[in-house]
Amino acid sequence: MSLSADNAAETFARNGFVFPVDVMDDAEAGAVRADLERAETELADDPEKLMLARSYADRLLPSFDRMIRNPNLLDAVRPILGPDLLVWSCGLFIKEPLSTQIVTWHQDLTYWGLDDVDEVTAWVALSPSTVASGCMRFVPGSHRRGMVPHVDTFNDNNLLTRGQKIAFEFDDSESVDVILRAGQASLHHGHLFHSSGANTTADRRLGAAIRYIKPSMRQRTGDRSLVAHVSGFDDYGHFRIAGPPRGRLADEDIALCREDSALKRKILYENADAGRGQRY
């Protein structure tokens, strides 16, 4: 990371984001991508397990479990959230070559059912994330507006759970393109306005959104969703702690993720038709 820890935390507080964070080199990022794509091939005939692998890669693939615990990534997040860290989820955002799929302007914490804002999303690029491939765009300082109203579209061309988007027009003329090489990450606040465009390239655009939270957070419903404990201590017990994967795509881990997926659907699709959702 080009900024010192203190400067990175100050920049994050001011802008709502920091990038780039150097997490892995090209070879390491390529190996993680290859492991994911091997899993996709193995599960191609089982849509439910394929969905779980893309929503719970860190719980089903040891390569992703190592990535969420990567020291370079944790060293970037700790100055912002502190030493005690859980991973609430690690979801994949995949845009196939020449895909028209987009992500509308939104805020991450809209439908997660968490009781506070002590969360940082680390978006790790597993392929080059460029303007042409549909990189993210951030509106600097927008996190200071707090949570704003959203509407659900359930548009098939939108990669978000409910196709959610901010419910009013705003000036995005000062938005920043988040250009990352494979192995780099961006960090952003859960209230930051962000979006991404279509992938016009001949390669997949692959990114893993790792949602770090403080253990003091909890689900407003009181449910204990599945998390990974990656740094420091958890003195609260608000979540169900998952151990490292028992193996690669292990049946026991798939069963655990299937159980949590039902819980996540209840949380993420509250007051909506979960059957129309695209994730979990």
# chains A, B, ... in the order shown; residues from 1 in each chain; ligands from 1

$ residues_around --residues "Gly222 (chain A)" --least-positions-apart "3" --cutoff "10 Å" --atoms "only C-alpha atoms" --output "PyMOL selection string"
chain A and resi 113-115+218-219+225+238-239

$ select_by_dssp --residues "region 51-208 of chain A" --states "helix (DSSP H, G or I)" --output "PyMOL selection string"
chain A and resi 51-55+57-60+62-68+71-81+108-111+142-145

$ write_last_selection --atoms "N, CA and C atoms" --output "short mmCIF file (atom, residue, chain, number, x, y, z; two decimals), in the first residue's frame"
data_model
loop_
_atom_site.label_atom_id
_atom_site.label_comp_id
_atom_site.auth_asym_id
_atom_site.auth_seq_id
_atom_site.Cartn_x
_atom_site.Cartn_y
_atom_site.Cartn_z
N MET A 51 -23.54 -21.92 -6.82
CA MET A 51 -23.92 -20.67 -6.16
C MET A 51 -23.26 -20.56 -4.80
N LEU A 52 -23.24 -21.65 -4.04
CA LEU A 52 -22.61 -21.62 -2.73
C LEU A 52 -21.11 -21.37 -2.84
N ALA A 53 -20.46 -21.96 -3.83
CA ALA A 53 -19.03 -21.75 -4.01
C ALA A 53 -18.72 -20.29 -4.33
N ARG A 54 -19.61 -19.63 -5.04
CA ARG A 54 -19.39 -18.23 -5.38
C ARG A 54 -19.76 -17.29 -4.25
N SER A 55 -20.65 -17.72 -3.37
CA SER A 55 -21.06 -16.89 -2.24
C SER A 55 -20.24 -17.15 -0.98
N ALA A 57 -16.86 -18.64 -1.04
CA ALA A 57 -15.57 -19.15 -1.51
C ALA A 57 -14.58 -19.31 -0.36
N ASP A 58 -14.62 -18.40 0.62
CA ASP A 58 -13.68 -18.47 1.73
C ASP A 58 -13.97 -19.63 2.67
N ARG A 59 -15.19 -20.15 2.67
CA ARG A 59 -15.55 -21.27 3.53
C ARG A 59 -15.41 -22.62 2.83
N LEU A 60 -15.28 -22.59 1.50
CA LEU A 60 -15.25 -23.84 0.73
C LEU A 60 -13.94 -24.09 0.01
N PRO A 62 -9.78 -23.53 0.40
CA PRO A 62 -8.68 -23.06 1.26
C PRO A 62 -7.90 -21.89 0.68
N SER A 63 -7.82 -21.78 -0.63
CA SER A 63 -7.10 -20.65 -1.23
C SER A 63 -7.75 -19.32 -0.88
N PHE A 64 -9.07 -19.29 -0.80
CA PHE A 64 -9.78 -18.06 -0.44
C PHE A 64 -9.72 -17.82 1.07
N ASP A 65 -9.73 -18.90 1.86
CA ASP A 65 -9.55 -18.73 3.30
C ASP A 65 -8.20 -18.08 3.58
N ARG A 66 -7.17 -18.50 2.86
CA ARG A 66 -5.85 -17.86 3.04
C ARG A 66 -5.89 -16.41 2.60
N MET A 67 -6.65 -16.11 1.55
CA MET A 67 -6.70 -14.74 1.05
C MET A 67 -7.34 -13.79 2.04
N ILE A 68 -8.43 -14.19 2.70
CA ILE A 68 -9.08 -13.28 3.64
C ILE A 68 -8.21 -13.03 4.87
N PRO A 71 -1.78 -11.26 5.31
CA PRO A 71 -1.25 -10.21 6.20
C PRO A 71 -1.28 -8.82 5.58
N ASN A 72 -1.04 -8.71 4.28
CA ASN A 72 -1.07 -7.39 3.65
C ASN A 72 -2.46 -6.78 3.71
N LEU A 73 -3.47 -7.63 3.56
CA LEU A 73 -4.85 -7.15 3.60
C LEU A 73 -5.24 -6.78 5.03
N LEU A 74 -4.91 -7.64 5.98
CA LEU A 74 -5.25 -7.35 7.37
C LEU A 74 -4.52 -6.11 7.88
N ASP A 75 -3.27 -5.92 7.45
CA ASP A 75 -2.52 -4.73 7.86
C ASP A 75 -3.14 -3.46 7.31
N ALA A 76 -3.87 -3.56 6.21
CA ALA A 76 -4.55 -2.39 5.65
C ALA A 76 -5.87 -2.11 6.36
N VAL A 77 -6.55 -3.15 6.82
CA VAL A 77 -7.87 -2.98 7.43
C VAL A 77 -7.77 -2.61 8.91
N ARG A 78 -6.78 -3.15 9.62
CA ARG A 78 -6.69 -2.90 11.07
C ARG A 78 -6.62 -1.43 11.45
N PRO A 79 -5.87 -0.57 10.72
CA PRO A 79 -5.85 0.85 11.12
C PRO A 79 -7.22 1.52 11.04
N ILE A 80 -8.13 0.94 10.29
CA ILE A 80 -9.47 1.51 10.12
C ILE A 80 -10.44 0.94 11.14
N LEU A 81 -10.44 -0.37 11.32
CA LEU A 81 -11.42 -1.03 12.20
C LEU A 81 -10.84 -1.47 13.54
N ASP A 108 -23.27 -0.48 0.47
CA ASP A 108 -23.18 -1.90 0.82
C ASP A 108 -24.09 -2.31 1.96
N LEU A 109 -24.23 -1.49 2.97
CA LEU A 109 -24.92 -1.92 4.19
C LEU A 109 -26.44 -1.86 4.10
N THR A 110 -26.97 -1.57 2.91
CA THR A 110 -28.41 -1.34 2.77
C THR A 110 -29.26 -2.45 3.36
N TYR A 111 -28.95 -3.71 3.01
CA TYR A 111 -29.83 -4.81 3.38
C TYR A 111 -29.14 -5.90 4.18
N SER A 142 -18.99 10.49 -0.05
CA SER A 142 -20.43 10.20 -0.01
C SER A 142 -20.82 9.38 1.21
N HIS A 143 -19.86 8.70 1.83
CA HIS A 143 -20.17 7.90 3.03
C HIS A 143 -20.62 8.78 4.19
N ARG A 144 -20.27 10.06 4.14
CA ARG A 144 -20.63 10.95 5.25
C ARG A 144 -22.11 11.33 5.22
N ARG A 145 -22.83 10.95 4.18
CA ARG A 145 -24.26 11.23 4.11
C ARG A 145 -25.08 10.22 4.91
#

$ closest_residue --among "A:Leu85, A:Ile254, A:Ile267, A:Thr153" --to "Leu50 (chain A)" --atoms "only C-alpha atoms"
A:Ile254

$ residues_around --residues "region 132-135 of chain A" --least-positions-apart "4" --cutoff "10 Å" --atoms "only C-alpha atoms" --output "CSV table (one decimal) with N, CA and C atoms, in the first residue's frame"
chain,number,residue,atom,x,y,z
A,95,LYS,N,-18.0,-10.7,-13.9
A,95,LYS,CA,-18.6,-10.2,-15.2
A,95,LYS,C,-17.9,-11.0,-16.3
A,96,GLU,N,-18.7,-11.7,-17.0
A,96,GLU,CA,-18.1,-12.5,-18.1
A,96,GLU,C,-17.6,-11.6,-19.3
A,97,PRO,N,-16.8,-12.2,-20.2
A,97,PRO,CA,-16.3,-11.4,-21.3
A,97,PRO,C,-17.5,-10.8,-22.1
A,98,LEU,N,-17.4,-9.5,-22.4
A,98,LEU,CA,-18.4,-8.8,-23.2
A,98,LEU,C,-19.7,-8.8,-22.6
A,99,SER,N,-19.8,-8.8,-21.3
A,99,SER,CA,-21.0,-8.9,-20.5
A,99,SER,C,-21.6,-7.5,-20.4
A,100,THR,N,-22.9,-7.4,-20.5
A,100,THR,CA,-23.6,-6.1,-20.2
A,100,THR,C,-23.9,-5.9,-18.8
A,101,GLN,N,-23.6,-6.8,-17.9
A,101,GLN,CA,-24.0,-6.7,-16.5
A,101,GLN,C,-23.3,-5.6,-15.8
A,102,ILE,N,-24.1,-4.9,-14.9
A,102,ILE,CA,-23.5,-3.8,-14.2
A,102,ILE,C,-23.9,-3.9,-12.7
A,103,VAL,N,-23.4,-2.9,-12.0
A,103,VAL,CA,-23.8,-2.7,-10.6
A,103,VAL,C,-24.2,-1.3,-10.4
A,125,ALA,N,-9.1,-7.7,-6.6
A,125,ALA,CA,-9.1,-8.1,-8.0
A,125,ALA,C,-8.4,-9.4,-8.3
A,127,SER,N,-8.6,-10.5,-11.5
A,127,SER,CA,-8.2,-10.2,-12.9
A,127,SER,C,-8.1,-8.7,-13.0
A,128,PRO,N,-7.5,-8.1,-14.0
A,128,PRO,CA,-7.4,-6.7,-14.1
A,128,PRO,C,-8.7,-6.0,-14.1
A,177,ASP,N,-12.6,6.3,-10.8
A,177,ASP,CA,-12.4,5.0,-11.4
A,177,ASP,C,-11.4,4.2,-10.5
A,178,VAL,N,-11.8,3.0,-10.1
A,178,VAL,CA,-11.0,2.2,-9.2
A,178,VAL,C,-10.3,1.2,-10.0
A,179,ILE,N,-9.1,1.6,-10.6
A,179,ILE,CA,-8.4,0.7,-11.5
A,179,ILE,C,-7.4,-0.1,-10.6
A,180,LEU,N,-7.4,-1.4,-10.8
A,180,LEU,CA,-6.6,-2.3,-10.0
A,180,LEU,C,-6.0,-3.4,-10.9
A,195,SER,N,-20.5,2.0,-7.8
A,195,SER,CA,-21.2,1.3,-8.9
A,195,SER,C,-20.1,0.8,-9.8
A,196,SER,N,-20.5,0.1,-10.8
A,196,SER,CA,-19.6,-0.4,-11.8
A,196,SER,C,-20.3,-0.6,-13.2
A,197,GLY,N,-19.6,-0.5,-14.3
A,197,GLY,CA,-20.1,-0.7,-15.6
A,197,GLY,C,-19.9,-2.0,-16.2
A,198,ALA,N,-20.2,-2.1,-17.5
A,198,ALA,CA,-20.2,-3.4,-18.2
A,198,ALA,C,-18.7,-3.8,-18.5
A,199,ASN,N,-18.5,-5.0,-18.8
A,199,ASN,CA,-17.2,-5.5,-19.2
A,199,ASN,C,-17.1,-5.6,-20.7
A,200,THR,N,-16.4,-4.8,-21.3
A,200,THR,CA,-16.3,-4.8,-22.8
A,200,THR,C,-15.0,-5.5,-23.3
A,201,THR,N,-14.3,-6.2,-22.4
A,201,THR,CA,-13.1,-6.9,-22.8
A,201,THR,C,-13.4,-8.4,-23.0
A,202,ALA,N,-12.3,-9.1,-23.5
A,202,ALA,CA,-12.5,-10.5,-23.9
A,202,ALA,C,-12.1,-11.4,-22.7
A,203,ASP,N,-11.8,-10.8,-21.5
A,203,ASP,CA,-11.5,-11.6,-20.3
A,203,ASP,C,-12.6,-11.4,-19.3
A,204,ARG,N,-12.7,-12.4,-18.4
A,204,ARG,CA,-13.6,-12.2,-17.3
A,204,ARG,C,-13.1,-11.1,-16.3
A,205,ARG,N,-14.0,-10.4,-15.7
A,205,ARG,CA,-13.6,-9.5,-14.6
A,205,ARG,C,-14.1,-10.1,-13.3
A,206,LEU,N,-13.1,-10.6,-12.5
A,206,LEU,CA,-13.3,-11.3,-11.3
A,206,LEU,C,-12.9,-10.5,-10.1
A,207,GLY,N,-13.7,-10.4,-9.1
A,207,GLY,CA,-13.4,-9.7,-7.9
A,207,GLY,C,-14.1,-10.4,-6.7

$ select_by_dssp --residues "region 57-177 of chain A" --states "strand (DSSP E or B)" --output "number ranges by chain"
A: 85-95, 102-106, 114, 119-125, 129, 136-138, 150-151, 158, 165-166, 176-177

$ write_last_selection --atoms "C-alpha atoms" --output "PDB file, in the first residue's frame"
ATOM      1  CA  LEU A  85     -11.759  -8.622  12.848  1.00  0.00           C
ATOM      2  CA  LEU A  86     -14.393 -10.999  11.528  1.00  0.00           C
ATOM      3  CA  VAL A  87     -15.281 -11.653   7.886  1.00  0.00           C
ATOM      4  CA  TRP A  88     -19.049 -11.410   7.491  1.00  0.00           C
ATOM      5  CA  SER A  89     -18.923 -12.725   3.928  1.00  0.00           C
ATOM      6  CA  CYS A  90     -16.698 -13.128   0.890  1.00  0.00           C
ATOM      7  CA  GLY A  91     -18.835 -12.847  -2.233  1.00  0.00           C
ATOM      8  CA  LEU A  92     -17.645 -13.009  -5.821  1.00  0.00           C
ATOM      9  CA  PHE A  93     -18.567 -10.420  -8.436  1.00  0.00           C
ATOM     10  CA  ILE A  94     -18.079 -11.934 -11.879  1.00  0.00           C
ATOM     11  CA  LYS A  95     -18.580 -10.202 -15.198  1.00  0.00           C
ATOM     12  CA  ILE A 102     -23.549  -3.776 -14.215  1.00  0.00           C
ATOM     13  CA  VAL A 103     -23.776  -2.744 -10.582  1.00  0.00           C
ATOM     14  CA  THR A 104     -25.981   0.285  -9.956  1.00  0.00           C
ATOM     15  CA  TRP A 105     -25.111   3.096  -7.535  1.00  0.00           C
ATOM     16  CA  HIS A 106     -25.690   1.739  -4.037  1.00  0.00           C
ATOM     17  CA  LEU A 114     -26.215  -5.239  10.792  1.00  0.00           C
ATOM     18  CA  GLU A 119     -17.508  -2.544   8.384  1.00  0.00           C
ATOM     19  CA  VAL A 120     -14.966  -2.276   5.562  1.00  0.00           C
ATOM     20  CA  THR A 121     -15.350  -3.967   2.196  1.00  0.00           C
ATOM     21  CA  ALA A 122     -12.051  -5.102   0.691  1.00  0.00           C
ATOM     22  CA  TRP A 123     -12.582  -5.698  -3.027  1.00  0.00           C
ATOM     23  CA  VAL A 124      -9.733  -7.922  -4.267  1.00  0.00           C
ATOM     24  CA  ALA A 125      -9.141  -8.052  -8.013  1.00  0.00           C
ATOM     25  CA  SER A 129     -10.109  -4.235 -13.098  1.00  0.00           C
ATOM     26  CA  MET A 136     -15.881   0.131  -9.637  1.00  0.00           C
ATOM     27  CA  ARG A 137     -16.480   3.856  -9.325  1.00  0.00           C
ATOM     28  CA  PHE A 138     -16.520   5.685  -5.996  1.00  0.00           C
ATOM     29  CA  HIS A 150     -32.766   2.704  -2.074  1.00  0.00           C
ATOM     30  CA  VAL A 151     -35.251   1.028  -4.394  1.00  0.00           C
ATOM     31  CA  ASN A 158     -27.736  -6.062 -12.153  1.00  0.00           C
ATOM     32  CA  LYS A 165     -30.044   1.384  -6.410  1.00  0.00           C
ATOM     33  CA  ILE A 166     -29.993   4.745  -4.709  1.00  0.00           C
ATOM     34  CA  VAL A 176     -13.247   7.994  -9.225  1.00  0.00           C
ATOM     35  CA  ASP A 177     -12.435   4.953 -11.367  1.00  0.00           C
TER      36      ASP A 177
END

$ atom_distance --atom1 "CA of Ser175 (chain A)" --atom2 "CA of His189 (chain A)"
14.9 Å

$ atom_distance --atom1 "CA of Ser231 (chain A)" --atom2 "CA of Asp84 (chain A)"
5.2 Å

$ closest_residue --among "A:Asn157, A:Asn15, A:Ser216, A:Asn7" --to "Gly141 (chain A)" --atoms "only C-alpha atoms"
A:Asn15

$ atom_distance --atom1 "CA of Gly190 (chain A)" --atom2 "CA of Ala208 (chain A)"
15.5 Å

$ residues_around --residues "Asp253 (chain A)" --least-positions-apart "5" --cutoff "10 Å" --atoms "only C-alpha atoms" --output "number ranges by chain"
A: 56, 59-61, 242-248, 258-259
